[in-house]
>>> print(open('query.txt').read())   # compact mmCIF, C-alpha atoms
# COMPACT_ATOMS: atom_id res chain seq x y z
CA MET A 1 4.16 18.55 -26.14
CA SER A 2 1.04 18.77 -28.27
CA ALA A 3 -1.85 20.55 -26.61
CA TYR A 4 -4.69 18.25 -25.69
CA HIS A 5 -7.82 18.32 -23.58
CA VAL A 6 -9.11 15.41 -21.48
CA ILE A 7 -12.88 14.96 -21.70
CA ALA A 8 -14.87 12.98 -19.13
CA ILE A 9 -18.43 11.78 -19.70
CA PRO A 10 -20.99 14.60 -19.64
CA GLU A 11 -22.10 15.66 -16.15
CA ALA A 12 -25.76 15.74 -17.26
CA LEU A 13 -25.48 12.11 -18.36
CA ALA A 14 -23.96 11.08 -15.01
CA ASN A 15 -26.74 12.91 -13.15
CA GLU A 16 -29.38 11.21 -15.31
CA VAL A 17 -27.93 7.79 -14.48
CA ARG A 18 -27.86 8.67 -10.76
CA GLU A 19 -31.51 9.74 -10.86
CA THR A 20 -32.96 6.96 -13.02
CA LEU A 21 -30.51 4.12 -12.34
CA LYS A 22 -30.79 3.24 -16.03
CA ALA A 23 -28.23 3.18 -18.81
CA PRO A 24 -28.72 6.10 -21.20
CA ARG A 25 -29.90 5.13 -24.70
CA TYR A 26 -30.36 1.50 -23.66
CA GLY A 27 -32.62 1.65 -20.61
CA HIS A 28 -30.88 -1.29 -18.94
CA PRO A 29 -30.93 -1.19 -15.16
CA ALA A 30 -27.76 0.32 -13.72
CA HIS A 31 -26.10 -1.59 -10.91
CA VAL A 32 -25.12 0.06 -7.61
CA GLU A 33 -22.47 -1.57 -5.43
CA ARG A 34 -19.82 -0.77 -2.85
CA ALA A 35 -16.56 -0.26 -4.75
CA ASN A 36 -14.58 -3.49 -4.77
CA GLY A 37 -12.15 -2.25 -7.41
CA TYR A 38 -10.46 1.01 -8.33
CA GLY A 39 -12.76 1.87 -11.26
CA PRO A 40 -12.15 4.71 -12.12
CA CYS A 41 -15.14 7.06 -12.11
CA ARG A 42 -15.68 8.31 -15.68
CA LEU A 43 -16.83 11.73 -14.51
CA CYS A 44 -14.19 12.87 -12.00
CA LEU A 45 -11.55 10.47 -13.40
CA GLN A 46 -10.46 9.43 -9.92
CA LYS A 47 -10.07 5.93 -8.56
CA PHE A 48 -12.70 4.62 -6.19
CA ARG A 49 -11.86 4.14 -2.53
CA GLU A 50 -12.47 0.41 -2.34
CA GLY A 51 -14.87 -0.64 0.41
CA GLU A 52 -15.76 3.00 1.16
CA GLU A 53 -17.63 4.47 -1.81
CA ASP A 54 -20.68 3.32 -3.74
CA ARG A 55 -20.43 3.24 -7.50
CA ILE A 56 -22.85 2.78 -10.36
CA LEU A 57 -22.09 0.41 -13.24
CA PHE A 58 -23.92 1.08 -16.51
CA THR A 59 -23.61 0.67 -20.27
CA TYR A 60 -22.26 3.69 -22.12
CA ASP A 61 -21.44 4.41 -25.76
CA PRO A 62 -18.89 7.23 -25.94
CA PHE A 63 -19.40 7.47 -29.70
CA ALA A 64 -23.19 7.89 -29.60
CA ASP A 65 -24.35 10.55 -32.08
CA LEU A 66 -20.82 10.71 -33.53
CA ASP A 67 -20.93 7.55 -35.59
CA LYS A 68 -23.50 5.00 -36.78
CA TYR A 69 -21.51 2.06 -35.42
CA PRO A 70 -22.35 1.48 -31.74
CA SER A 71 -19.52 0.81 -29.31
CA PRO A 72 -21.15 0.36 -25.90
CA GLY A 73 -19.23 -0.84 -22.90
CA PRO A 74 -19.38 -0.93 -19.11
CA VAL A 75 -18.38 2.16 -17.12
CA PHE A 76 -18.55 3.29 -13.49
CA ILE A 77 -19.40 6.60 -11.85
CA HIS A 78 -19.65 7.58 -8.20
CA ARG A 79 -23.12 7.06 -6.74
CA ASP A 80 -22.85 10.44 -5.04
CA ALA A 81 -22.15 13.63 -6.94
CA CYS A 82 -18.52 14.32 -7.80
CA PRO A 83 -16.82 17.11 -9.73
CA THR A 84 -16.32 16.78 -13.48
CA TYR A 85 -12.65 16.41 -14.39
CA ASP A 86 -11.31 19.81 -15.49
CA GLY A 87 -9.28 18.51 -18.43
CA GLU A 88 -5.94 19.96 -17.35
CA GLY A 89 -3.49 17.31 -18.48
CA PHE A 90 -3.83 13.58 -17.99
CA PRO A 91 -5.30 12.68 -14.57
CA THR A 92 -2.43 12.07 -12.16
CA GLU A 93 -4.30 9.38 -10.27
CA LEU A 94 -4.75 7.27 -13.42
CA ARG A 95 -1.12 7.30 -14.59
CA ASP A 96 -0.24 4.07 -12.77
CA LEU A 97 -3.09 2.09 -14.37
CA PRO A 98 -2.46 -0.30 -17.27
CA LEU A 99 -3.57 1.96 -20.13
CA THR A 100 -4.13 1.45 -23.83
CA LEU A 101 -4.40 4.56 -25.97
CA GLU A 102 -6.37 4.23 -29.20
CA ALA A 103 -5.67 6.97 -31.75
CA TYR A 104 -8.54 7.70 -34.12
CA GLY A 105 -8.52 9.32 -37.51
CA PRO A 106 -11.25 10.14 -40.03
CA ASP A 107 -14.47 8.12 -39.88
CA ARG A 108 -13.59 6.90 -36.37
CA TRP A 109 -10.94 4.57 -37.74
CA ILE A 110 -8.24 3.40 -35.34
CA MET A 111 -4.95 4.61 -36.79
CA ALA A 112 -2.68 3.42 -33.98
CA ARG A 113 -2.78 1.83 -30.56
CA GLU A 114 -0.21 2.06 -27.82
CA ARG A 115 0.01 0.41 -24.41
CA VAL A 116 1.40 2.47 -21.55
CA ALA A 117 2.92 0.27 -18.89
CA ASP A 118 5.47 2.56 -17.28
CA GLY A 119 3.16 5.49 -16.43
CA ASP A 120 4.70 7.73 -19.12
CA VAL A 121 1.36 8.49 -20.69
CA ASP A 122 2.50 11.94 -21.84
CA ALA A 123 5.15 10.49 -24.17
CA ALA A 124 2.62 8.05 -25.63
CA ILE A 125 0.07 10.83 -26.16
CA GLU A 126 2.75 12.98 -27.81
CA ARG A 127 3.72 10.19 -30.22
CA LEU A 128 0.13 9.48 -31.19
CA LEU A 129 -0.96 13.11 -31.59
CA ALA A 130 2.15 13.80 -33.72
CA ARG A 131 0.63 11.60 -36.42
CA GLU A 132 -1.06 13.86 -38.94
CA GLU A 133 -4.08 11.61 -39.41
CA VAL A 134 -4.90 11.37 -35.68
CA GLY A 135 -7.72 13.59 -34.44
CA TYR A 136 -8.26 12.24 -30.95
CA ILE A 137 -7.31 9.49 -28.53
CA HIS A 138 -9.60 7.19 -26.61
CA VAL A 139 -8.26 5.62 -23.41
CA ARG A 140 -8.97 2.08 -22.22
CA ASN A 141 -7.95 0.02 -19.24
CA THR A 142 -5.61 -2.58 -20.76
CA GLN A 143 -6.45 -5.18 -18.12
CA ALA A 144 -10.24 -4.83 -18.05
CA GLY A 145 -10.69 -3.56 -21.61
CA CYS A 146 -13.24 -0.92 -20.61
CA TYR A 147 -13.33 2.75 -21.55
CA ILE A 148 -11.72 5.30 -19.30
>>> encode(input="query.txt", output="C-alpha cells")
Amino acid sequence: MSAYHVIAIPEALANEVRETLKAPRYGHPAHVERANGYGPCRLCLQKFREGEEDRILFTYDPFADLDKYPSPGPVFIHRDACPTYDGEGFPTELRDLPLTLEAYGPDRWIMARERVADGDVDAAIERLLAREEVGYIHVRNTQAGCYI
C-alpha cells in the first residue's frame, strides 16, 4: 500500500470558529445545533452522536491559499473541543459512509474520481495514489456532497 497521511482541518481554525461563531475568510455566522445527523466532525474525523452532541456548521474552503479558485462548502465540527485526528490510516469510523475520493494532480486538476460503496477505502486509495500524476486525494460524502 502507498504511504499516505490523513489531514483534518487545522485545529487553530476549528478553535477560531468555536470562539467567534463565524466562518473563516467569509465572516458568515456559523450555526450551532444539536447533532441530527452523523456529520462527521472535520477535526476529529468521528461521527456525531445524534441527539447528544452539539455541532457547528460553517463554510470552509479547504483549498484557500493553495489555489485562486475558491471551493467553499459546508462542514461541521464539534461545538466542544475534540482531538485532532492523528492521521494514522483512514478513520475507521468513516469507512461505512458513502465516500467519493477525488484524486488531484498539478494545478488542482481532478485526475480521477472513485466512489467507495463497500467500505474498502484502502483499495480505492491505493488505485488512485498509484497514478503517477496524482498528488493528493480529497474525500467527499457521496450522499451529501460535502467535504470530509
>>> closest_residue(input="query.txt", among="A:Gly87, A:Val32, A:Asp96, A:Arg108", to="Tyr69 (chain A)", atoms="all atoms listed in the file")
A:Arg108
>>> atom_distance(input="query.txt", atom1="CA of Cys44 (chain A)", atom2="CA of Pro10 (chain A)")
10.4 Å
>>> closest_residue(input="query.txt", among="A:Glu93, A:Asp86, A:Glu11, A:Asp67", to="Leu43 (chain A)", atoms="all atoms listed in the file")
A:Glu11
>>> residues_near_point(input="query.txt", point="(-8.1, 7.0, -31.4)", cutoff="12 Å", atoms="only C-alpha atoms", output="list of chain:residue names")
A:Phe63, A:Thr100, A:Leu101, A:Glu102, A:Ala103, A:Tyr104, A:Gly105, A:Pro106, A:Asp107, A:Arg108, A:Trp109, A:Ile110, A:Met111, A:Ala112, A:Arg113, A:Glu114, A:Ile125, A:Leu128, A:Leu129, A:Arg131, A:Glu133, A:Val134, A:Gly135, A:Tyr136, A:Ile137, A:His138, A:Val139, A:Arg140, A:Tyr147
>>> residues_around(input="query.txt", residues="Tyr60 (chain A)", least_positions_apart="2", cutoff="8 Å", atoms="only C-alpha atoms", output="tab-separated table (two decimals) with C-alpha atoms, keeping the file's coordinate frame")
chain	number	residue	atom	x	y	z
A	23	ALA	CA	-28.23	3.18	-18.81
A	24	PRO	CA	-28.72	6.10	-21.20
A	58	PHE	CA	-23.92	1.08	-16.51
A	62	PRO	CA	-18.89	7.23	-25.94
A	72	PRO	CA	-21.15	0.36	-25.90
A	73	GLY	CA	-19.23	-0.84	-22.90
A	74	PRO	CA	-19.38	-0.93	-19.11
A	75	VAL	CA	-18.38	2.16	-17.12
>>> closest_residue(input="query.txt", among="A:Ala117, A:Ala3, A:Ala14, A:Ile77", to="Gln46 (chain A)", atoms="only C-alpha atoms")
A:Ile77
>>> axis_aligned_box(input="query.txt", around="region 52-63 of chain A", padding_each_side="3 Å", output="AutoDock Vina command-line options")
--center_x -19.8 --center_y 3.9 --center_z -14.3 --size_x 14.2 --size_y 13.1 --size_z 36.9
>>> atom_distance(input="query.txt", atom1="CA of Asn36 (chain A)", atom2="CA of Arg55 (chain A)")
9.3 Å
>>> atom_distance(input="query.txt", atom1="CA of Gly89 (chain A)", atom2="CA of Leu66 (chain A)")
23.9 Å
>>> closest_residue(input="query.txt", among="A:Pro70, A:Asp54, A:Pro40, A:Asp61", to="Asn141 (chain A)", atoms="all atoms listed in the file")
A:Pro40
>>> residues_around(input="query.txt", residues="Leu94 (chain A)", least_positions_apart="6", cutoff="10 Å", atoms="all atoms listed in the file", output="MDAnalysis selection string")
chainID A and resid 38:40 45:47 119 121 141 148
>>> closest_residue(input="query.txt", among="A:Ala64, A:Ala30, A:Cys82, A:Leu13", to="Phe48 (chain A)", atoms="all atoms listed in the file")
A:Cys82
>>> closest_residue(input="query.txt", among="A:Leu97, A:Leu21, A:Ile9, A:Ala124", to="Arg42 (chain A)", atoms="all atoms listed in the file")
A:Ile9
>>> residues_around(input="query.txt", residues="Phe90 (chain A)", least_positions_apart="5", cutoff="10 Å", atoms="all atoms listed in the file", output="PDB file with C-alpha atoms, in the coordinates of the input")
ATOM      1  CA  TYR A   4      -4.690  18.250 -25.690  1.00  0.00           C
ATOM      2  CA  HIS A   5      -7.820  18.320 -23.580  1.00  0.00           C
ATOM      3  CA  VAL A   6      -9.110  15.410 -21.480  1.00  0.00           C
ATOM      4  CA  ILE A   7     -12.880  14.960 -21.700  1.00  0.00           C
ATOM      5  CA  LEU A  45     -11.550  10.470 -13.400  1.00  0.00           C
ATOM      6  CA  TYR A  85     -12.650  16.410 -14.390  1.00  0.00           C
ATOM      7  CA  ARG A  95      -1.120   7.300 -14.590  1.00  0.00           C
ATOM      8  CA  VAL A 121       1.360   8.490 -20.690  1.00  0.00           C
ATOM      9  CA  ASP A 122       2.500  11.940 -21.840  1.00  0.00           C
ATOM     10  CA  ILE A 125       0.070  10.830 -26.160  1.00  0.00           C
TER      11      ILE A 125
END
>>> build_atoms(input="query.txt", residues="region 65-96 of chain A", atoms="N, CA and C atoms", output="compact mmCIF listing (two decimals), in the coordinates of the input")
# COMPACT_ATOMS: atom_id res chain seq x y z
N ASP A 65 -24.09 9.33 -31.31
CA ASP A 65 -24.35 10.55 -32.08
C ASP A 65 -23.13 11.05 -32.85
N LEU A 66 -22.01 10.34 -32.77
CA LEU A 66 -20.82 10.71 -33.53
C LEU A 66 -20.59 9.76 -34.70
N ASP A 67 -21.17 8.58 -34.59
CA ASP A 67 -20.93 7.55 -35.59
C ASP A 67 -22.10 6.57 -35.56
N LYS A 68 -22.39 5.96 -36.71
CA LYS A 68 -23.50 5.00 -36.78
C LYS A 68 -23.19 3.68 -36.09
N TYR A 69 -21.91 3.34 -36.01
CA TYR A 69 -21.51 2.06 -35.42
C TYR A 69 -21.48 2.16 -33.90
N PRO A 70 -22.33 1.39 -33.21
CA PRO A 70 -22.35 1.48 -31.74
C PRO A 70 -21.13 0.79 -31.12
N SER A 71 -20.66 1.37 -30.04
CA SER A 71 -19.52 0.81 -29.31
C SER A 71 -19.77 0.88 -27.81
N PRO A 72 -20.86 0.27 -27.34
CA PRO A 72 -21.15 0.36 -25.90
C PRO A 72 -20.20 -0.49 -25.07
N GLY A 73 -20.05 -0.08 -23.83
CA GLY A 73 -19.23 -0.84 -22.90
C GLY A 73 -19.57 -0.44 -21.47
N PRO A 74 -19.08 -1.21 -20.51
CA PRO A 74 -19.38 -0.93 -19.11
C PRO A 74 -18.50 0.20 -18.56
N VAL A 75 -19.12 1.09 -17.79
CA VAL A 75 -18.38 2.16 -17.12
C VAL A 75 -18.95 2.35 -15.71
N PHE A 76 -18.14 2.97 -14.86
CA PHE A 76 -18.55 3.29 -13.49
C PHE A 76 -18.55 4.79 -13.28
N ILE A 77 -19.45 5.24 -12.39
CA ILE A 77 -19.40 6.60 -11.85
C ILE A 77 -19.66 6.50 -10.36
N HIS A 78 -19.31 7.53 -9.62
CA HIS A 78 -19.65 7.58 -8.20
C HIS A 78 -21.16 7.66 -8.04
N ARG A 79 -21.68 6.99 -7.04
CA ARG A 79 -23.12 7.06 -6.74
C ARG A 79 -23.48 8.47 -6.30
N ASP A 80 -22.63 9.06 -5.50
CA ASP A 80 -22.85 10.44 -5.04
C ASP A 80 -22.18 11.40 -6.01
N ALA A 81 -22.69 12.62 -6.03
CA ALA A 81 -22.15 13.63 -6.94
C ALA A 81 -20.65 13.81 -6.73
N CYS A 82 -19.95 14.05 -7.83
CA CYS A 82 -18.52 14.32 -7.80
C CYS A 82 -18.24 15.37 -8.86
N PRO A 83 -17.11 16.06 -8.75
CA PRO A 83 -16.82 17.11 -9.73
C PRO A 83 -16.40 16.52 -11.08
N THR A 84 -16.76 17.19 -12.15
CA THR A 84 -16.32 16.78 -13.48
C THR A 84 -14.83 17.10 -13.61
N TYR A 85 -14.07 16.17 -14.19
CA TYR A 85 -12.65 16.41 -14.39
C TYR A 85 -12.46 17.67 -15.22
N ASP A 86 -11.49 18.51 -14.85
CA ASP A 86 -11.31 19.81 -15.49
C ASP A 86 -10.53 19.77 -16.79
N GLY A 87 -9.95 18.63 -17.14
CA GLY A 87 -9.28 18.51 -18.43
C GLY A 87 -7.86 19.03 -18.48
N GLU A 88 -7.31 19.45 -17.36
CA GLU A 88 -5.94 19.96 -17.35
C GLU A 88 -4.95 18.81 -17.28
N GLY A 89 -4.45 18.40 -18.43
CA GLY A 89 -3.49 17.31 -18.48
C GLY A 89 -4.12 15.97 -18.17
N PHE A 90 -3.32 14.92 -18.25
CA PHE A 90 -3.83 13.58 -17.99
C PHE A 90 -3.97 13.40 -16.48
N PRO A 91 -5.07 12.81 -16.02
CA PRO A 91 -5.30 12.68 -14.57
C PRO A 91 -4.16 11.95 -13.86
N THR A 92 -3.57 12.61 -12.90
CA THR A 92 -2.43 12.07 -12.16
C THR A 92 -2.76 10.72 -11.55
N GLU A 93 -3.93 10.60 -10.98
CA GLU A 93 -4.30 9.38 -10.27
C GLU A 93 -4.43 8.16 -11.19
N LEU A 94 -4.56 8.38 -12.48
CA LEU A 94 -4.75 7.27 -13.42
C LEU A 94 -3.45 6.85 -14.11
N ARG A 95 -2.38 7.56 -13.89
CA ARG A 95 -1.12 7.30 -14.59
C ARG A 95 -0.53 5.93 -14.29
N ASP A 96 -0.83 5.36 -13.12
CA ASP A 96 -0.24 4.07 -12.77
C ASP A 96 -1.10 2.89 -13.22
